[in-house]
Each structure stands twice: as C-alpha cells, then as structure tokens.
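> Contents are mmCIF, C-alpha atoms; file name final37.cif:
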```cif
data_target
loop_
_atom_site.label_atom_id
_atom_site.label_comp_id
_atom_site.auth_asym_id
_atom_site.auth_seq_id
_atom_site.Cartn_x
_atom_site.Cartn_y
_atom_site.Cartn_z
CA MET S 272 25.06 -5.07 67.27
CA PRO S 273 26.21 -1.41 67.52
CA GLN S 274 26.04 0.22 70.92
CA LYS S 275 23.21 2.71 71.23
CA ILE S 276 24.35 6.12 72.45
CA LEU S 277 22.92 6.69 75.92
CA ASP S 278 23.93 10.35 76.27
CA GLU S 279 25.08 12.71 73.52
CA TYR S 280 27.30 14.51 76.03
CA THR S 281 29.33 11.38 76.87
CA LYS S 282 28.78 9.35 73.71
CA HIS S 283 31.09 6.45 74.47
CA HIS S 284 30.04 5.97 78.09
CA GLY S 285 27.17 4.00 79.57
CA SER S 286 24.69 1.44 78.29
CA ALA S 287 20.91 1.27 78.53
CA ALA S 288 20.96 -2.50 77.99
CA TYR S 289 21.70 -3.43 81.59
CA THR S 290 22.38 -1.98 85.01
CA VAL S 291 24.75 -2.94 87.81
CA ASP S 292 22.97 -3.33 91.13
CA HIS S 293 26.21 -3.75 93.09
CA TYR S 294 29.97 -3.42 92.51
CA ASP S 295 32.38 -5.39 94.68
CA LEU S 296 35.86 -3.96 94.03
CA GLU S 297 39.01 -5.59 95.41
CA LEU S 298 42.03 -3.40 94.62
CA THR S 299 45.76 -3.52 95.27
CA CYS S 300 47.64 -0.29 94.62
CA LYS S 301 51.45 -0.19 94.58
CA LEU S 302 52.30 3.48 94.77
CA ALA S 303 55.96 3.50 93.71
CA SER S 304 55.17 1.89 90.34
CA ASN S 305 51.59 3.19 90.12
CA LEU S 306 50.44 -0.38 89.55
CA LEU S 307 46.77 -1.20 90.09
CA GLU S 308 45.60 -4.80 90.30
CA GLY S 309 41.85 -5.23 90.51
CA LYS S 310 39.09 -7.74 90.82
CA ALA S 311 35.64 -6.39 90.04
CA VAL S 312 32.50 -8.42 90.69
CA LEU S 313 29.51 -6.82 88.97
CA HIS S 314 26.02 -7.94 89.96
CA LEU S 315 24.23 -7.27 86.68
CA ARG S 316 20.55 -7.01 85.85
CA ALA S 317 19.55 -7.12 82.20
CA LEU S 318 17.19 -4.38 81.04
CA GLN S 319 16.81 -6.09 77.65
CA ASP S 320 17.87 -9.45 76.21
CA LEU S 321 21.67 -9.64 76.29
CA ASP S 322 24.37 -11.69 74.56
CA THR S 323 27.17 -9.28 75.40
CA VAL S 324 27.92 -6.71 78.06
CA GLN S 325 29.71 -3.54 77.05
CA LEU S 326 31.68 -1.80 79.78
CA ASN S 327 33.85 1.28 80.11
CA LEU S 328 37.48 0.68 81.10
CA HIS S 329 40.26 3.10 80.16
CA GLY S 330 43.99 2.36 80.13
CA LEU S 331 43.78 -0.96 81.99
CA ARG S 332 43.89 -4.53 80.65
CA VAL S 333 41.40 -7.29 81.47
CA LEU S 334 43.31 -10.46 82.38
CA LYS S 335 40.37 -12.78 82.90
CA ALA S 336 36.57 -12.65 82.85
CA THR S 337 34.03 -15.13 84.15
CA CYS S 338 30.25 -15.13 84.30
CA GLN S 339 28.72 -17.27 87.04
CA GLY S 340 32.04 -19.11 87.15
CA LYS S 341 32.15 -19.80 83.41
CA LYS S 342 34.85 -18.28 81.23
CA ALA S 343 33.76 -15.26 79.21
CA GLN S 344 35.50 -13.84 76.14
CA VAL S 345 36.60 -10.20 76.26
CA SER S 346 37.34 -7.99 73.27
CA LYS S 347 37.95 -4.29 72.67
CA ARG S 348 35.17 -2.57 70.75
CA ASN S 349 35.87 1.05 69.88
CA HIS S 350 35.94 2.92 73.20
CA ARG S 351 34.56 0.03 75.27
CA ILE S 352 35.36 -3.51 76.28
CA GLU S 353 32.84 -6.15 75.28
CA VAL S 354 32.23 -9.30 77.32
CA GLN S 355 30.60 -12.21 75.49
CA LEU S 356 28.26 -13.94 77.94
CA PRO S 357 28.38 -17.77 78.06
CA SER S 358 24.59 -17.86 77.60
CA ARG S 359 21.91 -15.36 76.63
CA LEU S 360 20.47 -13.28 79.46
CA ALA S 361 16.79 -12.40 79.22
CA ALA S 362 15.47 -8.99 80.22
CA GLY S 363 14.98 -8.89 83.99
CA GLU S 364 17.43 -11.71 84.70
CA ARG S 365 20.48 -11.25 86.90
CA THR S 366 24.00 -12.57 86.64
CA GLU S 367 27.41 -12.12 88.25
CA LEU S 368 30.30 -10.97 86.09
CA THR S 369 33.86 -11.10 87.46
CA LEU S 370 36.77 -9.32 85.82
CA ARG S 371 40.40 -9.40 86.87
CA TYR S 372 42.39 -6.50 85.47
CA ALA S 373 45.66 -4.63 85.94
CA GLY S 374 47.82 -1.83 84.63
CA ASN S 375 49.16 1.64 85.30
CA PRO S 376 46.10 3.88 85.65
CA GLY S 377 46.12 7.51 84.64
CA VAL S 378 43.92 10.42 83.76
CA GLN S 379 41.69 10.49 80.72
CA ASN S 380 42.18 13.58 78.57
CA GLY S 381 39.13 15.11 76.94
CA ILE S 382 37.16 18.28 76.42
CA TRP S 383 36.83 18.70 80.21
CA GLY S 384 40.56 18.40 80.81
CA GLU S 385 42.09 15.55 82.80
CA VAL S 386 39.69 13.33 84.76
CA GLY S 387 40.12 10.07 86.64
CA TRP S 388 43.10 8.49 88.40
CA GLU S 389 45.78 11.08 89.17
CA GLU S 390 49.14 10.57 90.87
CA LEU S 391 49.89 13.13 93.57
CA THR S 392 53.29 14.07 94.95
CA ASP S 393 52.74 11.33 97.54
CA GLY S 394 49.55 9.39 96.91
CA VAL S 395 46.57 9.14 94.61
CA LEU S 396 43.54 11.28 93.84
CA VAL S 397 40.52 10.16 91.82
CA SER S 398 38.29 12.79 90.20
CA GLY S 399 35.41 11.01 88.51
CA GLN S 400 33.23 13.72 86.95
CA PRO S 401 32.04 13.07 84.33
CA THR S 402 33.85 10.02 82.85
CA GLY S 403 36.75 9.30 85.20
CA ALA S 404 35.36 6.16 86.86
CA ALA S 405 36.52 4.01 83.94
CA THR S 406 40.17 4.86 84.69
CA TRP S 407 40.16 2.59 87.75
CA PHE S 408 37.34 0.04 87.47
CA PRO S 409 35.15 -1.49 84.73
CA CYS S 410 31.71 0.08 84.89
CA ASN S 411 28.49 1.10 83.21
CA ASP S 412 29.65 4.68 83.32
CA HIS S 413 26.60 6.94 83.26
CA PRO S 414 24.75 8.75 86.08
CA SER S 415 21.38 7.27 85.02
CA HIS S 416 22.64 4.07 86.69
CA LYS S 417 23.12 3.91 90.45
CA SER S 418 24.62 1.03 92.40
CA THR S 419 25.78 0.09 95.87
CA TYR S 420 29.51 -0.54 96.36
CA HIS S 421 31.95 -2.55 98.45
CA PHE S 422 35.59 -1.40 98.31
CA THR S 423 38.55 -3.44 99.57
CA VAL S 424 41.74 -1.46 99.02
CA ALA S 425 45.24 -2.74 99.85
CA THR S 426 48.05 -0.22 99.61
CA ASP S 427 51.53 0.53 100.96
CA ALA S 428 52.01 0.42 104.72
CA GLY S 429 51.64 3.83 106.34
CA TYR S 430 49.12 5.06 103.78
CA ARG S 431 45.40 5.48 104.31
CA ALA S 432 42.87 4.69 101.60
CA VAL S 433 39.68 6.76 101.75
CA ALA S 434 36.68 5.69 99.67
CA ASN S 435 32.94 6.31 99.67
CA GLY S 436 30.74 4.94 102.40
CA GLU S 437 31.50 3.64 105.87
CA LEU S 438 34.81 2.15 106.96
CA ILE S 439 33.98 -1.36 108.15
CA ASN S 440 37.46 -2.85 108.53
CA HIS S 441 41.15 -1.97 108.57
CA SER S 442 43.90 -4.57 108.78
CA ARG S 443 47.68 -4.29 108.69
CA ALA S 444 50.32 -6.69 107.38
CA ALA S 445 54.08 -6.24 107.14
CA SER S 446 54.08 -4.13 104.01
CA ARG S 447 50.39 -3.51 103.31
CA ASP S 448 47.42 -1.76 104.88
CA THR S 449 43.96 -2.90 103.78
CA TRP S 450 40.89 -0.69 104.07
CA VAL S 451 37.30 -1.86 103.55
CA TYR S 452 34.37 0.48 102.88
CA GLU S 453 30.68 -0.15 102.32
CA GLN S 454 28.66 2.36 100.27
CA ARG S 455 25.08 1.43 101.14
CA GLU S 456 23.19 4.25 99.43
CA PRO S 457 22.97 3.94 95.62
CA MET S 458 25.68 5.92 93.83
CA ALA S 459 26.44 6.97 90.26
CA SER S 460 29.78 5.68 88.96
CA TYR S 461 31.29 9.16 88.50
CA LEU S 462 30.81 9.81 92.23
CA ALA S 463 32.86 6.76 93.24
CA THR S 464 36.28 7.81 94.49
CA LEU S 465 39.51 6.61 96.03
CA GLN S 466 42.01 8.86 97.82
CA ILE S 467 45.33 7.49 99.06
CA GLY S 468 47.85 9.40 101.16
CA ARG S 469 49.71 9.53 104.46
CA TYR S 470 46.55 10.85 106.07
CA SER S 471 45.67 11.12 109.73
CA GLU S 472 42.07 11.40 110.91
CA ILE S 473 40.75 14.72 112.26
CA PRO S 474 37.23 14.40 113.78
CA PHE S 475 35.49 17.77 113.90
CA ASP S 476 31.76 17.05 114.36
CA VAL S 477 31.29 13.70 116.05
CA ASP S 478 27.51 14.06 116.36
CA ARG S 479 27.14 14.57 112.61
CA HIS S 480 29.76 11.92 111.74
CA MET S 481 31.96 14.49 110.01
CA VAL S 482 35.68 13.80 109.77
CA ALA S 483 38.62 15.22 107.85
CA TYR S 484 41.78 13.53 106.59
CA ALA S 485 45.08 15.34 106.05
CA VAL S 486 48.80 14.73 106.49
CA PRO S 487 50.02 14.92 110.11
CA GLY S 488 50.55 18.41 111.48
CA MET S 489 47.65 19.97 109.58
CA ASP S 490 45.06 19.72 112.36
CA LEU S 491 44.88 23.42 113.26
CA LYS S 492 44.73 24.61 109.65
CA VAL S 493 42.07 22.07 108.73
CA ARG S 494 39.93 22.76 111.81
CA GLY S 495 40.19 26.48 111.09
CA ALA S 496 39.24 26.29 107.41
CA PHE S 497 36.33 23.92 108.08
CA GLY S 498 35.25 25.54 111.34
CA LYS S 499 31.95 26.64 109.79
CA GLN S 500 31.08 23.17 108.45
CA THR S 501 28.56 22.48 111.22
CA GLN S 502 26.90 25.85 110.60
CA MET S 503 26.66 25.03 106.89
CA ALA S 504 25.04 21.71 107.74
CA GLU S 505 22.46 23.45 109.94
CA VAL S 506 21.63 25.98 107.19
CA PHE S 507 21.29 23.38 104.45
CA GLU S 508 19.29 20.94 106.57
CA ARG S 509 16.93 23.74 107.57
CA HIS S 510 16.25 24.61 103.94
CA PHE S 511 16.77 21.32 102.07
CA GLY S 512 16.01 18.61 104.63
CA PRO S 513 18.24 16.12 106.48
CA TYR S 514 21.74 15.36 105.26
CA PRO S 515 21.21 12.38 102.93
CA PHE S 516 24.12 10.09 103.89
CA GLU S 517 25.51 8.38 106.99
CA SER S 518 28.65 10.50 107.22
CA TYR S 519 30.64 13.25 105.54
CA LYS S 520 34.38 13.02 104.88
CA ILE S 521 36.78 15.76 103.82
CA VAL S 522 40.13 14.89 102.30
CA VAL S 523 42.80 17.59 102.12
CA VAL S 524 45.50 16.41 99.74
CA ASN S 525 49.06 17.57 100.35
CA ASP S 526 49.11 19.41 97.01
CA GLU S 527 47.41 22.46 95.57
CA LEU S 528 44.34 21.80 93.42
CA GLU S 529 42.85 24.02 90.74
CA ILE S 530 39.35 23.30 92.06
CA PRO S 531 37.94 21.17 94.88
CA LEU S 532 36.04 18.01 93.94
CA GLU S 533 32.93 16.33 95.26
CA ALA S 534 32.17 12.64 95.52
CA GLN S 535 29.33 10.89 97.30
CA GLY S 536 29.63 11.50 101.03
CA LEU S 537 33.05 13.05 100.51
CA SER S 538 34.79 16.19 99.20
CA ILE S 539 38.43 16.71 98.20
CA PHE S 540 40.34 19.96 98.72
CA GLY S 541 43.87 21.21 98.14
CA LEU S 542 46.22 23.02 100.51
CA ASN S 543 45.26 26.25 98.74
CA HIS S 544 41.65 25.91 99.96
CA LEU S 545 42.53 26.07 103.66
CA SER S 546 41.34 29.61 104.27
CA MET S 547 38.54 31.51 105.97
CA ASP S 548 38.35 33.92 103.02
CA TRP S 549 34.97 33.93 101.27
CA GLU S 550 36.37 32.39 98.08
CA ALA S 551 37.49 29.29 100.00
CA GLN S 552 34.36 29.20 102.19
CA ARG S 553 32.02 29.40 99.22
CA LEU S 554 33.80 26.43 97.64
CA ILE S 555 33.46 24.47 100.88
CA ALA S 556 29.74 25.27 100.95
CA HIS S 557 29.40 24.49 97.23
CA GLU S 558 30.95 21.02 97.48
CA PHE S 559 29.02 20.18 100.64
CA SER S 560 25.69 21.17 99.03
CA HIS S 561 26.36 18.69 96.22
CA GLN S 562 25.55 15.94 98.71
CA TRP S 563 21.92 17.00 98.17
CA TRP S 564 22.20 18.40 94.63
CA GLY S 565 23.94 15.83 92.47
CA ASN S 566 24.80 13.02 94.85
CA SER S 567 21.43 12.15 96.37
CA LEU S 568 19.41 13.73 93.55
CA THR S 569 21.30 12.85 90.38
CA LEU S 570 20.55 13.94 86.84
CA LYS S 571 19.32 11.41 84.27
CA HIS S 572 21.27 13.04 81.45
CA TRP S 573 24.19 15.46 81.50
CA LYS S 574 22.24 18.19 79.69
CA ASP S 575 20.46 18.87 82.99
CA ILE S 576 23.73 19.74 84.75
CA TRP S 577 22.18 23.01 86.00
CA LEU S 578 20.18 20.86 88.45
CA HIS S 579 23.52 20.12 90.13
CA GLU S 580 25.62 23.22 89.62
CA GLY S 581 22.91 25.90 89.62
CA PHE S 582 21.56 24.51 92.89
CA ALA S 583 25.07 24.33 94.41
CA CYS S 584 25.80 27.94 93.42
CA PHE S 585 22.46 28.99 94.90
CA SER S 586 23.48 27.14 98.08
CA GLU S 587 26.58 29.36 98.29
CA TRP S 588 24.32 32.42 98.28
CA LEU S 589 22.03 30.85 100.88
CA TYR S 590 24.94 30.22 103.21
CA SER S 591 26.40 33.69 102.55
CA GLU S 592 23.16 35.28 103.71
CA ALA S 593 22.72 32.97 106.72
CA ALA S 594 26.32 33.64 107.84
CA GLU S 595 25.79 37.39 107.37
CA VAL S 596 28.61 37.64 104.82
CA MET S 597 26.47 39.15 102.05
CA SER S 598 22.75 39.03 101.29
CA MET S 599 21.38 36.73 98.64
CA ALA S 600 20.01 39.75 96.78
CA ASP S 601 23.50 41.24 96.54
CA ARG S 602 25.01 37.91 95.47
CA ALA S 603 22.36 37.63 92.75
CA ARG S 604 23.01 41.20 91.58
CA LEU S 605 26.77 40.63 91.36
CA ALA S 606 26.25 37.38 89.43
CA TRP S 607 23.81 39.06 87.04
CA GLU S 608 26.21 41.95 86.40
CA LEU S 609 29.02 39.49 85.66
CA LEU S 610 26.83 37.52 83.25
CA ASP S 611 25.60 40.70 81.61
CA GLY S 612 29.17 41.51 80.61
CA GLN S 613 29.84 38.07 79.12
CA ASP S 614 28.84 36.43 75.84
CA GLN S 615 25.17 35.52 75.79
CA ASP S 616 25.34 32.50 73.54
CA LEU S 617 24.55 29.65 75.93
CA ALA S 618 21.23 28.02 76.87
CA ILE S 619 22.04 26.44 80.22
CA GLY S 620 19.15 23.94 80.11
CA ASP S 621 21.07 22.13 77.35
CA PRO S 622 24.52 23.77 77.16
CA GLY S 623 26.27 21.11 75.10
CA ALA S 624 29.04 18.79 76.22
CA LYS S 625 31.87 21.30 75.81
CA ASP S 626 30.17 23.96 77.95
CA MET S 627 28.39 21.91 80.59
CA PHE S 628 30.86 23.09 83.27
CA ASP S 629 30.89 26.68 82.05
CA ASP S 630 30.58 29.16 84.92
CA ARG S 631 27.48 30.62 83.25
CA VAL S 632 25.64 27.32 83.91
CA TYR S 633 26.39 27.74 87.62
CA LYS S 634 25.49 31.40 88.04
CA ARG S 635 22.57 31.55 85.64
CA GLY S 636 21.17 28.36 87.16
CA ALA S 637 21.35 29.99 90.59
CA LEU S 638 19.63 33.09 89.21
CA ALA S 639 16.84 30.91 87.81
CA LEU S 640 16.24 29.55 91.32
CA TYR S 641 16.44 33.04 92.79
CA ALA S 642 13.78 34.19 90.29
CA LEU S 643 11.63 31.21 91.25
CA LYS S 644 11.99 32.01 94.95
CA LEU S 645 10.87 35.60 94.41
CA ALA S 646 7.94 34.50 92.26
CA VAL S 647 6.48 31.86 94.59
CA GLY S 648 7.57 33.30 97.94
CA GLU S 649 10.28 32.11 100.31
CA GLU S 650 8.12 29.78 102.39
CA THR S 651 6.69 27.99 99.35
CA PHE S 652 10.09 27.85 97.66
CA TYR S 653 11.87 26.06 100.49
CA ALA S 654 8.86 23.80 101.09
CA LEU S 655 9.00 22.64 97.47
CA LEU S 656 12.78 22.11 97.70
CA LYS S 657 12.43 19.99 100.84
CA ASP S 658 9.72 17.89 99.23
CA TRP S 659 11.76 17.60 96.02
CA VAL S 660 14.69 16.24 98.03
CA ALA S 661 12.61 13.89 100.18
CA SER S 662 10.53 12.44 97.36
CA ARG S 663 13.52 11.73 95.10
CA GLN S 664 16.20 10.83 97.64
CA HIS S 665 18.93 8.65 96.10
CA GLY S 666 17.08 8.77 92.78
CA HIS S 667 17.16 10.63 89.48
CA VAL S 668 15.87 14.03 88.37
CA ASP S 669 15.42 16.06 85.23
CA THR S 670 14.23 19.56 84.40
CA PRO S 671 10.65 18.71 83.31
CA ALA S 672 10.14 16.82 86.58
CA PHE S 673 11.42 19.79 88.61
CA ILE S 674 9.13 22.20 86.78
CA ALA S 675 6.12 19.90 87.33
CA HIS S 676 7.03 19.53 91.00
CA ALA S 677 7.33 23.29 91.52
CA GLN S 678 4.04 23.83 89.71
CA GLN S 679 2.22 21.68 92.26
CA PHE S 680 3.41 23.98 95.06
CA ALA S 681 2.67 27.23 93.23
CA PRO S 682 -0.36 26.79 90.94
CA GLN S 683 -0.75 30.58 90.70
CA VAL S 684 2.59 30.92 88.84
CA ASP S 685 3.37 29.52 85.38
CA ILE S 686 6.67 27.88 86.36
CA ALA S 687 7.57 26.70 82.86
CA GLN S 688 7.08 30.19 81.45
CA LEU S 689 9.06 31.70 84.33
CA LEU S 690 12.07 29.40 83.86
CA GLN S 691 11.99 29.24 80.05
CA PRO S 692 14.15 32.33 79.39
CA TRP S 693 16.61 31.46 82.15
CA LEU S 694 17.16 27.90 80.96
CA TYR S 695 16.43 27.75 77.26
CA GLU S 696 17.10 31.21 75.81
CA GLU S 697 20.57 32.62 75.24
CA ARG S 698 19.77 36.23 76.05
CA LEU S 699 20.10 37.02 79.75
CA PRO S 700 16.73 37.95 81.34
CA ARG S 701 16.46 41.05 83.48
CA LEU S 702 17.64 40.85 87.08
CA PRO S 703 14.79 39.46 89.22
CA GLN S 704 13.43 42.05 91.61
CA GLY S 705 11.92 41.32 94.99
#
```
Kindly present the structure from the file in structure tokens form.


Amino acid sequence: MPQKILDEYTKHHGSAAYTVDHYDLELTCKLASNLLEGKAVLHLRALQDLDTVQLNLHGLRVLKATCQGKKAQVSKRNHRIEVQLPSRLAAGERTELTLRYAGNPGVQNGIWGEVGWEELTDGVLVSGQPTGAATWFPCNDHPSHKSTYHFTVATDAGYRAVANGELINHSRAASRDTWVYEQREPMASYLATLQIGRYSEIPFDVDRHMVAYAVPGMDLKVRGAFGKQTQMAEVFERHFGPYPFESYKIVVVNDELEIPLEAQGLSIFGLNHLSMDWEAQRLIAHEFSHQWWGNSLTLKHWKDIWLHEGFACFSEWLYSEAAEVMSMADRARLAWELLDGQDQDLAIGDPGAKDMFDDRVYKRGALALYALKLAVGEETFYALLKDWVASRQHGHVDTPAFIAHAQQFAPQVDIAQLLQPWLYEERLPRLPQG
C-alpha cells in the first residue's frame, strides 16, 4: 500500500498511520571513525489498522528488528524503511518495536542545505530542523507527532554528551563515558538533539536551572555573552507565561556556525555568537523564545512556520524594547522598510517548502503580530498570548486556531480580515500605525 503524504513540504517524512508515544534510544558513538551504533525501542500506537510500519532513517543500516520479541522483516521502500509486523495491529493497539542499527551518520542534503548529524572539528552537532532526526535514529519524522524520550549515550572518555531533557545518570569506564537523559515533556522528532564535545559545565542561573556547556577556558566569554539570559527569561515569562520546560541548556560549540540552532530545552551557538552586540543578542533572544514558540507550541504542518519564526522575531523586538535597546515601533519600521525593498512574491501563511525559512517569513510574521497588538491593544494582546500558550502547552497549533483564539479575546476586531493581507497576500500591507 503506497504511503500517504503527510505534509507536502516534507513529502517523504512522517506517517499518519501510527504515532510513537516514547523513544528509548541507546547509542554508542565512536568519534575517531564517526561510527554510530544504536538500539531504538519505539513504543508505537496504531492510528489505523497496520501490517507494516514505515519509518525515516537516512544513511544508516538496520541490522535487526523485532516486534514484541518476534523477528520482523525490514526492507527499503523509496525514501523510507518498512518494517513488516509479525501480526496485524488494530487501530488503537500498542506494540513495542526494537531496531538495532549502525553506520557512519552524516548530514542530509536538501533544499534547506545540510541538516542532521554533523561532525565538528572535535565532536558532533545535530541540527534537526526540519528533517534531520532521521540521520541518527529511526523515527516517525514529522512535528504533528510528539513523544517522550530516553537517551543513553556512550562516547569517548573525556567527552560530554548533551541531549534533551534532564541528566539522570553519568558513569565512567576506562575508555567510555555514558550519559543518560530523560525528556519528560512531549517533543517533536526534529527538536531531538545530541551534542558531543570536550565540554565543561558553566552554571549561570541556578534558580532557573539554566546552564551552559563550552570547552574549558571559555567561562568568562560565555558568561558575558549570555549575561542577559535571566533578563530575557523575565521579559518572556511576563508576556508569554512561565518557561515551559524543567531546564534550559546552552551549548557553545568550539567552531563558528552560520546560524544558531534551537532544540527542545536547549540552544546551540558558535564561537562567533559570543558577543554583546545586538546582532548576537537578538539571536540569543530568538532561540530562547522558541522554547515557547515552536517547542512547546508546535505547528501541525510546516506551512504554518510563521507561528514559530514570526513569533520568535517578534520576541526579539519585545526584548529590544524591554532592554531599552530600540523600541518595538522602530524595529517594526526598520523591518517594514527592508521588506518594502524586497520582492513581494511570497505569502507567508503558506510559503512553500523552498521558502519556509525565508527571512520574509520571520519579519512579516512579526509585523502581523505587531499589527494585531496595535489593533486589539497591548493588554488584550499579551493576555491572549498567555492564554494561547497555557491552553496549548506541549501541544499543536495552526493558523486557523490562532485566529479563532485571538477572536475570542477581541470580538470588536475582525482578526481574520486583519491578518489576511499579512499572511495570505503577496503584496506588503502598509506599515501598522499606533
């Protein structure tokens, strides 16, 4: 039976036939040879009657598969692997699928560049958005599915493995260090990450469970660059509601990165981002805000990417104003002037796969929120955002749901009509005035 396309933006990723309630990943990473050996236990729940389970796995080979202890046949089917279940699974039933796999992981090249497992000068970086999860574990790779995770990572002695969730154990043998993490809040597969390096721990806000990881000797630079992190947390919690996870980790890799990356409960930066200049600080604020916009509240389909990136760009402006760097009105004006000088051939409410990370999605999405704030009033605007976050925490969102939610808070304003030109028309609307 052909696989139904779940998302036109990532056609070969994800399945609507089942979901994974929990991933238990046991990984051994040998850095010198870039060899990954994995055991993945997937706690599956059928959403329809199933004979086979189709998974995403890129560049790695399945050595053995079992279902409830019984051998299961594995074959390659186009861009997926297909596991033949020993017996038919009815909709609503659960089963446990175990796959042992190995290989030399690497990035996946596509229209968004290189994503996934990347070798650093001395370590490993994983960038999952949007389809990089499949480069290091077999998964139902689409954000409409969220799961809890357990990571057990063994790697070379002297290296630290950093993954999502809370560190619950660390053990040391002669040549290996093993790190165990528990991700208790549901998480989309693209937000799962693994960072490996010669990292030391740098606590910088014990009360908020915030910690940074960097190579030894970087303490002063890291503490300086992230010195405003607590202030950012206070600003975002005041306007969006409580931070949605148990802790927040920052990894500074010992390389330069083109852009920083966010994962659930964690952000990754390069040496080139260790600055108090606004460009670096806005990126720090941007990635941190994704913990609310994208990680806790996650889109159902990639076409609604503005609900992540437009909100994160707006969060930059919010922090800029709160920190007295530049007012939100001036940030909005500068963004509008930049957009006004660019091609106006993109509807950001459905930008297409190729353009879903286009800068216009970010800035025009932020301008849409700025227009909404001016139309409904600041008090109402932040009240509706707080309720939006609280009512959908660790769940899924889409644009129609956001419009309906905002409408409840501001019945005097036609929210759909207000946002229509910003989201679904190519021509740039006039700069909102307030």

> I'd like to see the residues matched by the PyMOL selection byres ((chain S and resi 360) around 12) on this file, and ideally I'd get them as JSON, numbers by chain.

{"S": [288, 289, 315, 316, 317, 318, 319, 320, 321, 322, 323, 324, 338, 339, 355, 356, 357, 358, 359, 361, 362, 363, 364, 365, 366, 367]}

> Enumerate, as a list in words, the residues matched when the PyMOL selection byres ((chain S and resi 335) around 9) is run on the file above.

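Checked against the file, the PyMOL selection byres ((chain S and resi 335) around 9) matches Val333, Leu334, Ala336, Thr337, Lys342, Ala343, Gln344, Val345, Thr369, Leu370, Arg371 and Tyr372 of chain S.
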
> Please provide as a PDB file with C-alpha atoms, keeping the file's coordinate frame all residues within 12 Å of Ile674 in chain S, with the sequence filter that same-chain residues fewer than 2 positions apart are discarded (counting only C-alpha atoms).


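Generated file (out.pdb):
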```
ATOM      1  CA  LEU S 578      20.180  20.860  88.450  1.00  0.00           C
ATOM      2  CA  ALA S 639      16.840  30.910  87.810  1.00  0.00           C
ATOM      3  CA  LEU S 640      16.240  29.550  91.320  1.00  0.00           C
ATOM      4  CA  LEU S 643      11.630  31.210  91.250  1.00  0.00           C
ATOM      5  CA  LEU S 655       9.000  22.640  97.470  1.00  0.00           C
ATOM      6  CA  LEU S 656      12.780  22.110  97.700  1.00  0.00           C
ATOM      7  CA  TRP S 659      11.760  17.600  96.020  1.00  0.00           C
ATOM      8  CA  VAL S 668      15.870  14.030  88.370  1.00  0.00           C
ATOM      9  CA  ASP S 669      15.420  16.060  85.230  1.00  0.00           C
ATOM     10  CA  THR S 670      14.230  19.560  84.400  1.00  0.00           C
ATOM     11  CA  PRO S 671      10.650  18.710  83.310  1.00  0.00           C
ATOM     12  CA  ALA S 672      10.140  16.820  86.580  1.00  0.00           C
ATOM     13  CA  HIS S 676       7.030  19.530  91.000  1.00  0.00           C
ATOM     14  CA  ALA S 677       7.330  23.290  91.520  1.00  0.00           C
ATOM     15  CA  GLN S 678       4.040  23.830  89.710  1.00  0.00           C
ATOM     16  CA  GLN S 679       2.220  21.680  92.260  1.00  0.00           C
ATOM     17  CA  PHE S 680       3.410  23.980  95.060  1.00  0.00           C
ATOM     18  CA  ALA S 681       2.670  27.230  93.230  1.00  0.00           C
ATOM     19  CA  PRO S 682      -0.360  26.790  90.940  1.00  0.00           C
ATOM     20  CA  VAL S 684       2.590  30.920  88.840  1.00  0.00           C
ATOM     21  CA  ASP S 685       3.370  29.520  85.380  1.00  0.00           C
ATOM     22  CA  ILE S 686       6.670  27.880  86.360  1.00  0.00           C
ATOM     23  CA  ALA S 687       7.570  26.700  82.860  1.00  0.00           C
ATOM     24  CA  GLN S 688       7.080  30.190  81.450  1.00  0.00           C
ATOM     25  CA  LEU S 689       9.060  31.700  84.330  1.00  0.00           C
ATOM     26  CA  LEU S 690      12.070  29.400  83.860  1.00  0.00           C
ATOM     27  CA  GLN S 691      11.990  29.240  80.050  1.00  0.00           C
ATOM     28  CA  LEU S 694      17.160  27.900  80.960  1.00  0.00           C
TER      29      LEU S 694
END
```

> Quick check, in Å to one decimal: how far apart do CA of Ala624 in chain S and CA of Arg602 in chain S lie?

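Interatomic distance, CA of Ala624 in chain S to CA of Arg602 in chain S: 27.4 Å.
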
> Apply the PyMOL selection byres ((chain S and resi 516-533) around 9) to the file shown and report the selected residues as JSON, numbers by chain.

{"S": [391, 392, 393, 394, 395, 396, 398, 399, 400, 433, 435, 436, 437, 456, 462, 466, 467, 468, 470, 479, 480, 481, 482, 483, 484, 485, 486, 493, 513, 514, 515, 534, 535, 536, 537, 538, 539, 540, 541, 542, 543, 544, 545, 554, 555, 558, 559, 561, 562, 566, 567]}

> Taking only C-alpha atoms into account, which of S:Tyr461, S:Tyr590, S:Phe497, S:Trp383 comes nearest Ile473 in chain S?

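Using only C-alpha atoms, Ile473 in chain S sits closest to S:Phe497.
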
> Env of Gly705 in chain S: 9 Å cut, atoms = all atoms listed in the file, seq-sep filter 6 positions within chain, self excluded. Answer as a ChimeraX atom specification.

/S:600,642,645-646

> Using all atoms listed in the file, find the one residue out of S:Leu328, S:Val477, S:Leu368, S:Leu296 that sits nearest to Ala434 in chain S.

S:Leu296

> Can you tell me, as lines of an AutoDock Vina configuration file, the centre and edge lengths (Å, one decimal) of the axis-aligned box enclosing all of range 641-654 of chain S's listed atoms after padding each side by 5 Å?


```
center_x = 11.5
center_y = 29.7
center_z = 96.3
size_x = 20.0
size_y = 21.8
size_z = 22.1
```

> Between CA of His293 in chain S and CA of Tyr420 in chain S, what is the distance in Å, rounded to a tenth?

5.6 Å

> Nearest residue to Gly623 in chain S out of S:Glu353, S:Asp611, S:Glu279, S:Glu472, using only C-alpha atoms?

S:Glu279

> Find the residues with any atom within 12 Å of (38.9, 27.7, 110.9); use only C-alpha atoms and the coordinates as given in the file, and write the answer as a PyMOL selection string.

chain S and resi 475+489-501+544-548+551-552+555
